[in-house]
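One file, start_16.tsv, carrying TSV, C-alpha atoms:
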```
chain	number	residue	atom	x	y	z
A	28	MET	CA	-41.85	-12.56	24.42
A	29	ASN	CA	-42.08	-8.85	25.21
A	30	VAL	CA	-43.55	-6.67	22.46
A	31	LEU	CA	-43.73	-2.88	22.60
A	32	HIS	CA	-46.36	-1.04	20.55
A	33	LEU	CA	-45.23	2.54	19.96
A	34	GLN	CA	-48.04	5.05	19.40
A	35	LEU	CA	-48.65	8.78	19.76
A	36	THR	CA	-51.74	8.98	22.01
A	37	GLY	CA	-54.12	6.73	23.89
A	38	ASN	CA	-57.28	8.57	22.90
A	39	PRO	CA	-60.10	6.77	21.03
A	40	GLY	CA	-59.11	5.86	17.48
A	41	GLY	CA	-58.71	2.91	15.18
A	42	ILE	CA	-55.04	2.20	15.88
A	43	VAL	CA	-55.15	2.35	19.67
A	44	THR	CA	-58.37	0.29	19.73
A	45	LEU	CA	-56.68	-2.31	17.52
A	46	CYS	CA	-53.71	-2.45	19.90
A	47	ARG	CA	-56.06	-2.96	22.82
A	48	SER	CA	-57.64	-5.91	20.99
A	49	ILE	CA	-54.20	-7.35	20.22
A	50	ALA	CA	-53.25	-7.25	23.90
A	51	LYS	CA	-56.45	-9.08	24.86
A	52	VAL	CA	-55.86	-12.13	22.68
A	53	SER	CA	-52.06	-12.29	22.31
A	54	LYS	CA	-50.10	-14.89	24.25
A	55	HIS	CA	-47.15	-12.51	24.51
A	56	CYS	CA	-46.70	-9.56	26.87
A	57	ASN	CA	-47.70	-6.45	24.92
A	58	HIS	CA	-46.47	-3.10	26.26
A	59	MET	CA	-48.26	0.09	25.13
A	60	TYR	CA	-45.97	3.12	24.91
A	61	PHE	CA	-47.58	6.52	24.12
A	62	LEU	CA	-45.26	9.36	23.20
A	63	PHE	CA	-47.56	12.39	23.51
A	64	SER	CA	-50.43	11.62	25.84
A	65	GLY	CA	-52.66	8.95	27.31
A	66	GLY	CA	-56.43	8.87	26.98
A	67	THR	CA	-59.53	6.85	27.70
A	68	VAL	CA	-58.41	3.78	25.71
A	69	ALA	CA	-54.99	3.85	27.37
A	70	ASP	CA	-56.72	4.06	30.76
A	71	ALA	CA	-58.93	1.09	29.86
A	72	MET	CA	-55.89	-0.97	28.88
A	73	GLU	CA	-54.18	-0.12	32.16
A	74	GLN	CA	-57.26	-1.36	34.05
A	75	GLU	CA	-56.97	-4.59	32.05
A	76	ASN	CA	-53.42	-5.01	33.41
A	77	VAL	CA	-51.72	-4.15	30.13
A	78	PRO	CA	-48.37	-2.39	30.74
A	79	VAL	CA	-48.95	1.25	29.73
A	80	VAL	CA	-46.43	4.11	29.58
A	81	VAL	CA	-47.26	7.73	28.74
A	82	SER	CA	-44.10	9.66	27.90
A	83	ASN	CA	-45.59	13.19	27.56
A	84	THR	CA	-42.82	13.99	25.07
A	85	PRO	CA	-42.55	17.70	24.15
A	86	ARG	CA	-42.65	18.17	20.38
A	87	PHE	CA	-39.17	18.69	18.90
A	88	LYS	CA	-37.51	17.91	22.26
A	89	TRP	CA	-36.80	14.26	21.74
A	90	GLU	CA	-33.38	13.51	23.24
A	91	LYS	CA	-34.46	12.85	26.82
A	92	SER	CA	-37.54	10.99	25.64
A	93	LYS	CA	-35.50	8.69	23.39
A	94	ARG	CA	-33.22	7.78	26.29
A	95	THR	CA	-36.26	7.10	28.48
A	96	LEU	CA	-37.65	4.71	25.87
A	97	LEU	CA	-34.29	2.97	25.53
A	98	ARG	CA	-34.07	2.48	29.28
A	99	TYR	CA	-37.62	1.07	29.37
A	100	CYS	CA	-36.79	-1.39	26.58
A	101	LYS	CA	-33.68	-2.58	28.40
A	102	GLU	CA	-35.40	-2.92	31.77
A	103	ASN	CA	-38.34	-4.83	30.31
A	104	GLN	CA	-36.28	-6.91	27.87
A	105	ILE	CA	-38.31	-5.81	24.85
A	106	ASN	CA	-37.81	-8.24	21.96
A	107	VAL	CA	-39.93	-6.52	19.31
A	108	ILE	CA	-40.95	-2.90	18.70
A	109	VAL	CA	-44.04	-2.39	16.56
A	110	CYS	CA	-44.09	1.23	15.39
A	111	HIS	CA	-47.68	2.18	14.59
A	112	SER	CA	-46.91	5.76	13.57
A	113	ASN	CA	-45.07	7.01	10.51
A	114	SER	CA	-44.39	10.40	12.09
A	115	PRO	CA	-40.75	11.52	12.37
A	116	ILE	CA	-40.86	11.57	16.17
A	117	ALA	CA	-42.04	7.95	16.42
A	118	ILE	CA	-39.52	6.77	13.86
A	119	ALA	CA	-36.67	8.66	15.55
A	120	HIS	CA	-37.47	6.96	18.85
A	121	THR	CA	-37.66	3.53	17.24
A	122	LEU	CA	-34.38	3.90	15.36
A	123	PHE	CA	-32.64	5.14	18.52
A	124	VAL	CA	-33.53	1.92	20.33
A	125	LYS	CA	-32.47	-0.22	17.36
A	126	LYS	CA	-29.10	1.53	17.27
A	127	HIS	CA	-28.40	0.64	20.90
A	128	ILE	CA	-30.14	-2.76	21.07
A	129	THR	CA	-29.39	-4.25	17.69
A	130	GLN	CA	-31.09	-7.58	18.41
A	131	THR	CA	-34.47	-5.88	18.90
A	132	LYS	CA	-36.76	-6.57	15.96
A	133	LEU	CA	-38.49	-3.63	14.31
A	134	ILE	CA	-41.91	-3.85	12.67
A	135	MET	CA	-42.96	-0.84	10.60
A	136	TYR	CA	-46.77	-0.60	10.47
A	137	LEU	CA	-48.45	1.05	7.50
A	138	HIS	CA	-51.95	2.06	8.59
A	139	GLY	CA	-52.66	4.05	5.44
A	140	ALA	CA	-51.92	4.35	1.76
A	141	ALA	CA	-48.79	6.21	0.63
A	142	GLU	CA	-50.68	9.41	-0.19
A	143	ASN	CA	-52.01	9.52	3.38
A	144	ILE	CA	-48.71	8.74	5.12
A	145	ILE	CA	-46.49	11.49	3.76
A	146	PRO	CA	-47.96	15.02	3.86
A	147	HIS	CA	-47.63	17.40	0.94
A	148	GLY	CA	-45.82	20.70	0.98
A	149	ILE	CA	-42.95	21.68	3.24
A	150	LYS	CA	-43.18	18.50	5.37
A	151	TYR	CA	-42.73	16.14	2.42
A	152	LEU	CA	-38.93	15.92	2.48
A	153	TYR	CA	-38.86	15.78	6.27
A	154	TYR	CA	-41.24	12.80	6.46
A	155	SER	CA	-39.64	11.12	3.44
A	156	PHE	CA	-36.22	11.18	5.11
A	157	PHE	CA	-37.43	9.42	8.26
A	158	ILE	CA	-39.57	6.89	6.40
A	159	ASN	CA	-36.60	5.97	4.20
A	160	GLN	CA	-34.51	5.39	7.33
A	161	MET	CA	-37.25	3.29	8.89
A	162	LYS	CA	-37.92	1.08	5.86
A	163	ASN	CA	-34.23	0.16	5.71
A	164	ALA	CA	-33.92	-0.60	9.43
A	165	SER	CA	-37.17	-2.60	9.74
A	166	ASP	CA	-37.12	-6.37	9.87
A	167	ALA	CA	-40.64	-6.49	8.45
A	168	ILE	CA	-43.26	-4.05	7.22
A	169	VAL	CA	-46.97	-4.57	7.78
A	170	ALA	CA	-49.61	-3.22	5.38
A	171	ILE	CA	-53.24	-3.32	6.53
A	172	SER	CA	-54.59	-4.23	3.08
A	173	GLU	CA	-53.45	-5.20	-0.39
A	174	TYR	CA	-54.33	-1.67	-1.50
A	175	VAL	CA	-51.93	-0.22	1.10
A	176	ASN	CA	-49.32	-2.83	0.24
A	177	LYS	CA	-49.26	-1.99	-3.48
A	178	SER	CA	-49.54	1.75	-2.90
A	179	CYS	CA	-46.60	1.91	-0.49
A	180	VAL	CA	-44.36	-0.52	-2.37
A	181	SER	CA	-44.80	1.62	-5.46
A	182	LYS	CA	-44.70	5.16	-4.05
A	183	LEU	CA	-42.36	4.66	-1.08
A	184	ASN	CA	-40.00	2.36	-3.00
A	185	LEU	CA	-40.27	-0.45	-0.45
A	186	ASN	CA	-38.74	-3.89	-0.84
A	187	PRO	CA	-41.83	-6.00	-1.66
A	188	LEU	CA	-40.25	-9.03	0.04
A	189	LYS	CA	-40.32	-7.12	3.34
A	190	VAL	CA	-43.97	-6.05	3.11
A	191	HIS	CA	-46.67	-8.35	4.46
A	192	THR	CA	-50.42	-7.75	4.27
A	193	VAL	CA	-52.05	-8.28	7.67
A	194	TYR	CA	-55.67	-7.20	7.68
A	195	ASN	CA	-56.94	-5.39	10.75
A	196	GLY	CA	-59.19	-7.49	12.96
A	197	VAL	CA	-62.22	-7.18	15.20
A	198	ASP	CA	-63.33	-9.32	18.10
A	199	CYS	CA	-66.10	-11.43	16.60
A	200	ASN	CA	-67.01	-12.57	20.12
A	201	LEU	CA	-67.84	-8.95	20.98
A	202	TYR	CA	-69.50	-7.97	17.70
A	203	THR	CA	-72.21	-10.57	17.23
A	204	PRO	CA	-75.35	-10.68	15.04
A	205	GLY	CA	-78.66	-9.42	16.32
A	206	LYS	CA	-82.08	-10.61	15.22
A	207	TYR	CA	-83.65	-8.72	12.34
A	208	THR	CA	-86.63	-6.69	13.58
A	209	PRO	CA	-89.00	-5.01	11.09
A	210	SER	CA	-89.35	-1.25	11.45
A	211	LYS	CA	-91.31	1.50	9.75
A	212	TYR	CA	-87.89	2.94	8.78
A	213	MET	CA	-84.99	1.58	6.81
A	214	GLU	CA	-82.42	2.02	9.57
A	215	LEU	CA	-79.05	3.32	8.34
A	216	ILE	CA	-76.00	3.88	10.53
A	217	TYR	CA	-72.62	5.57	10.12
A	218	VAL	CA	-69.88	5.14	12.72
A	219	GLY	CA	-66.60	7.06	12.53
A	220	ARG	CA	-64.87	10.40	12.59
A	221	LEU	CA	-66.73	13.34	11.11
A	222	PHE	CA	-64.66	15.34	8.64
A	223	PRO	CA	-65.31	16.25	5.00
A	224	ALA	CA	-63.55	13.30	3.32
A	225	LYS	CA	-65.76	10.85	5.24
A	226	GLY	CA	-68.64	11.93	3.01
A	227	VAL	CA	-71.46	12.03	5.60
A	228	ASP	CA	-72.73	15.21	3.92
A	229	ILE	CA	-73.09	13.19	0.70
A	230	LEU	CA	-75.09	10.56	2.58
A	231	ILE	CA	-77.44	13.19	4.01
A	232	ASP	CA	-77.98	14.73	0.58
A	233	ALA	CA	-78.54	11.28	-0.92
A	234	ILE	CA	-81.33	10.55	1.57
A	235	THR	CA	-83.09	13.80	0.63
A	236	LYS	CA	-83.00	12.76	-3.04
A	237	MET	CA	-84.56	9.35	-2.45
A	238	GLU	CA	-88.05	8.58	-3.72
A	239	ASP	CA	-89.45	8.58	-0.16
A	240	PRO	CA	-87.00	9.95	2.43
A	241	SER	CA	-89.64	9.59	5.15
A	242	LYS	CA	-89.02	5.84	5.14
A	243	VAL	CA	-85.38	6.28	6.17
A	244	ARG	CA	-83.73	7.03	9.51
A	245	LEU	CA	-80.01	7.71	9.79
A	246	THR	CA	-78.00	7.32	12.98
A	247	VAL	CA	-74.61	9.08	13.03
A	248	VAL	CA	-72.17	7.92	15.72
A	249	GLY	CA	-68.94	9.84	16.20
A	250	SER	CA	-67.52	13.31	16.50
A	251	GLY	CA	-65.19	15.56	14.57
A	252	PRO	CA	-64.80	18.97	12.97
A	253	SER	CA	-67.77	18.47	10.62
A	254	LEU	CA	-70.33	17.70	13.33
A	255	ASP	CA	-71.89	21.17	13.65
A	256	GLU	CA	-71.93	21.67	9.89
A	257	LEU	CA	-73.71	18.35	9.38
A	258	LYS	CA	-76.35	19.26	11.96
A	259	GLU	CA	-76.91	22.57	10.18
A	260	GLN	CA	-77.17	20.72	6.85
A	261	VAL	CA	-80.03	18.62	8.24
A	262	GLU	CA	-81.78	21.63	9.76
A	263	ARG	CA	-81.71	23.70	6.56
A	264	SER	CA	-82.72	20.83	4.29
A	265	GLU	CA	-85.90	21.59	2.34
A	266	ILE	CA	-86.94	17.95	2.67
A	267	PRO	CA	-87.31	16.84	6.32
A	268	ILE	CA	-85.29	13.73	7.11
A	269	GLU	CA	-84.80	11.74	10.29
A	270	VAL	CA	-81.16	11.98	11.46
A	271	ARG	CA	-79.90	11.23	14.97
A	272	PHE	CA	-76.46	12.49	16.00
A	273	LEU	CA	-75.33	10.44	18.99
A	274	GLY	CA	-71.74	11.66	19.37
A	275	SER	CA	-69.04	9.28	20.60
A	276	ARG	CA	-70.45	6.10	22.13
A	277	LEU	CA	-69.15	2.95	23.77
A	278	ASP	CA	-72.16	0.75	22.96
A	279	ILE	CA	-71.27	0.40	19.26
A	280	PRO	CA	-72.19	-3.32	18.96
A	281	GLU	CA	-75.74	-2.69	20.20
A	282	LEU	CA	-76.19	0.32	17.93
A	283	LEU	CA	-75.00	-1.68	14.93
A	284	LYS	CA	-77.39	-4.55	15.63
A	285	ALA	CA	-80.34	-2.15	15.36
A	286	ALA	CA	-79.39	-1.12	11.80
A	287	ASN	CA	-80.46	-2.52	8.44
A	288	PHE	CA	-77.43	-1.17	6.57
A	289	PHE	CA	-74.12	0.39	7.55
A	290	VAL	CA	-73.22	3.21	5.15
A	291	HIS	CA	-69.59	4.24	4.69
A	292	PRO	CA	-69.67	7.15	2.20
A	293	ALA	CA	-65.96	8.06	2.38
A	294	ILE	CA	-64.58	9.68	-0.76
A	295	LEU	CA	-60.92	9.14	0.13
A	296	ASN	CA	-58.90	6.01	-0.58
A	297	GLU	CA	-58.86	4.55	2.88
A	298	GLY	CA	-56.37	1.84	3.70
A	299	PHE	CA	-58.97	-0.40	5.29
A	300	GLY	CA	-62.34	0.06	7.01
A	301	ILE	CA	-62.50	-1.46	10.47
A	302	THR	CA	-66.02	-0.14	11.07
A	303	LEU	CA	-67.21	-2.09	8.03
A	304	ILE	CA	-65.95	-5.30	9.60
A	305	GLU	CA	-67.59	-4.43	12.94
A	306	ALA	CA	-70.92	-3.94	11.16
A	307	MET	CA	-70.59	-7.16	9.14
A	308	ALA	CA	-69.73	-9.10	12.30
A	309	CYS	CA	-73.08	-7.88	13.67
A	310	GLY	CA	-74.77	-9.22	10.54
A	311	VAL	CA	-75.28	-5.76	9.05
A	312	PRO	CA	-74.63	-5.44	5.29
A	313	CYS	CA	-72.53	-2.45	4.22
A	314	ILE	CA	-72.82	0.16	1.49
A	315	ALA	CA	-69.70	2.06	0.42
A	316	PHE	CA	-68.07	3.80	-2.51
A	317	ASN	CA	-65.49	1.96	-4.61
A	318	LYS	CA	-62.46	3.52	-2.93
A	319	GLY	CA	-59.17	2.17	-1.59
A	320	ALA	CA	-59.43	-1.21	0.13
A	321	ILE	CA	-63.26	-1.34	0.11
A	322	PRO	CA	-63.42	-4.06	-2.61
A	323	GLU	CA	-61.26	-6.27	-0.38
A	324	ILE	CA	-64.04	-6.19	2.24
A	325	ILE	CA	-67.36	-5.86	0.41
A	326	ASP	CA	-68.40	-8.52	-2.08
A	327	SER	CA	-71.03	-6.45	-3.84
A	328	GLY	CA	-74.44	-8.09	-3.95
A	329	LYS	CA	-73.44	-10.78	-1.41
A	330	ASN	CA	-72.50	-9.09	1.89
A	331	GLY	CA	-73.34	-5.50	0.92
A	332	TYR	CA	-73.07	-3.10	-2.00
A	333	ILE	CA	-70.27	-1.15	-3.65
A	334	VAL	CA	-71.40	2.09	-5.32
A	335	ASN	CA	-69.03	2.71	-8.21
A	336	GLU	CA	-69.65	6.45	-8.59
A	337	ASP	CA	-68.88	8.50	-5.48
A	338	ASN	CA	-71.68	11.05	-5.77
A	339	VAL	CA	-75.07	11.87	-4.29
A	340	GLU	CA	-77.15	10.55	-7.19
A	341	ALA	CA	-75.47	7.14	-7.33
A	342	LEU	CA	-75.78	6.66	-3.56
A	343	ALA	CA	-79.44	7.74	-3.60
A	344	ALA	CA	-80.16	5.21	-6.36
A	345	GLN	CA	-78.57	2.42	-4.30
A	346	LEU	CA	-80.54	3.39	-1.19
A	347	ASN	CA	-83.77	3.36	-3.20
A	348	THR	CA	-83.02	-0.22	-4.24
A	349	CYS	CA	-82.28	-1.21	-0.66
A	350	ILE	CA	-85.62	-0.02	0.73
A	351	SER	CA	-87.58	-2.69	-1.12
A	352	PHE	CA	-84.86	-5.27	-0.35
A	353	VAL	CA	-84.96	-5.00	3.45
A	354	GLY	CA	-86.87	-7.85	5.06
A	355	THR	CA	-86.84	-10.16	2.05
A	356	PRO	CA	-85.36	-13.69	2.24
A	357	GLU	CA	-82.47	-12.44	0.09
A	358	TYR	CA	-81.78	-9.68	2.60
A	359	ILE	CA	-81.71	-12.17	5.50
A	360	LYS	CA	-79.27	-14.27	3.47
A	361	MET	CA	-77.08	-11.19	2.94
A	362	ARG	CA	-77.02	-10.60	6.70
A	363	ARG	CA	-75.81	-14.16	7.30
A	364	GLN	CA	-73.16	-13.82	4.59
A	365	ALA	CA	-71.92	-10.56	6.10
A	366	ARG	CA	-71.26	-12.34	9.39
A	367	ILE	CA	-69.53	-15.27	7.68
A	368	ASP	CA	-67.25	-12.93	5.72
A	369	ALA	CA	-66.42	-10.89	8.82
A	370	GLU	CA	-65.05	-13.95	10.57
A	371	ARG	CA	-61.99	-14.11	8.34
A	372	PHE	CA	-61.07	-10.72	9.84
A	373	ASP	CA	-61.40	-11.98	13.42
A	374	ILE	CA	-58.79	-10.47	15.72
A	375	ARG	CA	-57.37	-13.92	16.52
A	376	ASN	CA	-56.53	-14.53	12.87
A	377	MET	CA	-55.01	-11.07	12.63
A	378	VAL	CA	-52.82	-11.55	15.73
A	379	CYS	CA	-51.66	-14.96	14.51
A	380	ASN	CA	-50.54	-13.48	11.19
A	381	LEU	CA	-48.86	-10.50	12.86
A	382	GLU	CA	-46.96	-12.55	15.41
A	383	LYS	CA	-45.47	-14.81	12.75
A	384	LEU	CA	-43.36	-11.76	11.83
A	385	TYR	CA	-41.83	-11.54	15.32
A	386	PHE	CA	-39.62	-14.61	14.80
```
As structure tokens, please, write out the structure in this file.
Amino acid sequence: MNVLHLQLTGNPGGIVTLCRSIAKVSKHCNHMYFLFSGGTVADAMEQENVPVVVSNTPRFKWEKSKRTLLRYCKENQINVIVCHSNSPIAIAHTLFVKKHITQTKLIMYLHGAAENIIPHGIKYLYYSFFINQMKNASDAIVAISEYVNKSCVSKLNLNPLKVHTVYNGVDCNLYTPGKYTPSKYMELIYVGRLFPAKGVDILIDAITKMEDPSKVRLTVVGSGPSLDELKEQVERSEIPIEVRFLGSRLDIPELLKAANFFVHPAILNEGFGITLIEAMACGVPCIAFNKGAIPEIIDSGKNGYIVNEDNVEALAAQLNTCISFVGTPEYIKMRRQARIDAERFDIRNMVCNLEKLYF
């Protein structure tokens, strides 16, 4: 079977990384089609002999690009199109192919909750129009969590019989547990994009409000518009704290293994949390606010902790508790449980559940 995954760019990000993992374990031929641009992940997939196409489509000049996609689907006998973007341009391309090759199956992928899929303001009606067209034409709709499922069924008026929850997956053969090594610090790590809603500023403030911040070291992996502001926040802090900003890295599994806790201080209702699963697969318990799909991942007190109030004081209180917990037999048990719970999100389980929708 030939499956085409339609995306916008091949630069590093959760969706394109997920598609790369799908291609590695799937028994079908997975084609990666990028409308705007390629990128380092797209290049890596091409080196792994995954069929990759970069369309370089000009924004708002879609007609030629749609015909190019249609021709590619015909020449490569594409059986299924999985549309990973809810943008009008991606939907327009997908619907154009469906109109001309009616037997092609369409999978609409919901990678976020309803409030994150459709923008507010002048774009609302524009996006709503295309999403309404897509939901009617799709043979199946994938939601990456129960939170996303319920949110989109309710707010986008989807047919609940069409919507299937398929959790994102990680390669548990790549993300493996490391051995716990005592350190003079409680080692915390954050991995992800750096922008205000991710709450890394809250995490930094929380560390300064701990009983003894000198016992904590934070490693921040990732880049984004908040990076410089976060560095300045650390520099101007009245209480010195140990924070390392590593930027974007490829050695994420090794960095995770060196941590005692993974902290995900996002204050938005995220649809999932793939970095949480990566950390848990490495045997690293997670700490996060009670937002979005987080309770579907973290079993508080067993594989990590959910902080019910999304503020500095509540997070600082949880971190204070964790300092005395690290290294205890109960902590080692929590590390083992984190790994066990991560395995149900293994990429092979995810691909199996996704591919059932192709038939």
Checklist entry - What is the atom CA of Glu142 of chain A to atom CA of Val124 of chain A distance in Å? => result 27.8 Å
Checklist entry - Can you list, as a list in words, every protein, DNA or RNA residue that comes within 9 Å of Leu381 of chain A when you count only C-alpha atoms, leaving out same-chain residues fewer than 5 positions away? => result Val169, His191, Val193 and Asn376 of chain A
Checklist entry - Quick one: residues within 12 Å of Tyr174 of chain A, all atoms listed in the file counted, chain neighbours fewer than 2 positions away excluded, as an NGL selection string? => result :A and (137-142 or 170-172 or 176-181 or 191-194 or 296-300 or 318-324)
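Distances to Pro115 of chain A were evaluated for A:Ile268, A:Ile144, A:Ala344, A:Ala50 using all atoms listed in the file, and the minimum falls at A:Ile144.
Minimum atom-to-atom distance to Ala286 of chain A, evaluated using all atoms listed in the file, belongs to A:Ala306 out of A:Ala306, A:Leu35, A:Val43, A:Val197.
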Checklist entry - What's the 6 Å shell around segment 79-95 of chain A, counting all atoms listed in the file, without same-chain residues fewer than 4 positions away, as number ranges by chain? => result A: 59-65, 73, 120
Checklist outcome for this item: In Å and to one decimal, atom CA of Ser253 of chain A is distant from atom CA of Thr348 of chain A by 28.3 Å
Next on the checklist: If we draw a sphere of 10 Å around (-60.6, 2.5, 16.8), which residues have at least one atom in it when counting only C-alpha atoms? Please report them as a ChimeraX atom specification.
Outcome noted: /A:38-48,68,197,219-220,301-302
Checklist entry - What does the distance from atom CA of Ala315 of chain A to atom CA of Tyr136 of chain A come to in Å, to one decimal? => result 25.2 Å
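Look at segment 223-240 of chain A: the protein and nucleic acid residues within 7 Å of it, using all atoms listed in the file and passing over chain neighbours fewer than 6 places away, are Ser253, Leu257, Ile266, Ile268, Pro292, Ala293, Ile294, Leu295, Asn338, Val339, Glu340, Leu342, Ala343 and Asn347 of chain A.
Between Thr121 of chain A and the residues A:Leu31, A:Val247, A:Lys189, A:Lys101, the shortest atom-to-atom distance, using only C-alpha atoms, involves A:Leu31.
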Item to check | Option closest in space to Leu97 of chain A, from A:Leu122, A:Leu303, A:Leu283, A:Leu346 [counting all atoms listed in the file] | outcome: A:Leu122
Item to check | Nearest residue to Ile134 of chain A from the set A:Ile49, A:Met361, A:Leu384, A:Ala71 (distances using only C-alpha atoms) | outcome: A:Leu384
Item to check | Contacts of Ile128 of chain A within 12 Å, all atoms listed in the file, excl. fewer than 4 positions in-chain, as an MDAnalysis selection string | outcome: chainID A and resid 96:102 104:108 121:124 132:133
Can you build me a table of segment 137-233 of chain A residues sitting at most 10 Å from segment 269-279 of chain A, with the closest atom pair per residue and its distance in Å to one decimal, using only C-alpha atoms, sorted by chain and residue number, as a tab-separated table?
```
residue	atom	partner	partner_atom	distance
A:Tyr202	CA	A:Ile279	CA	8.7
A:Tyr212	CA	A:Glu269	CA	9.4
A:Leu215	CA	A:Val270	CA	9.4
A:Ile216	CA	A:Arg271	CA	9.4
A:Tyr217	CA	A:Phe272	CA	9.9
A:Val218	CA	A:Ile279	CA	8.2
A:Gly219	CA	A:Ser275	CA	8.7
A:Arg220	CA	A:Ser275	CA	9.1
A:Leu221	CA	A:Gly274	CA	9.8
A:Ile231	CA	A:Val270	CA	8.4
```
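Considering all atoms listed in the file, the residue among A:Pro267, A:Gly205, A:Gly354, A:Gly249 positioned nearest to Cys309 of chain A is A:Gly205.
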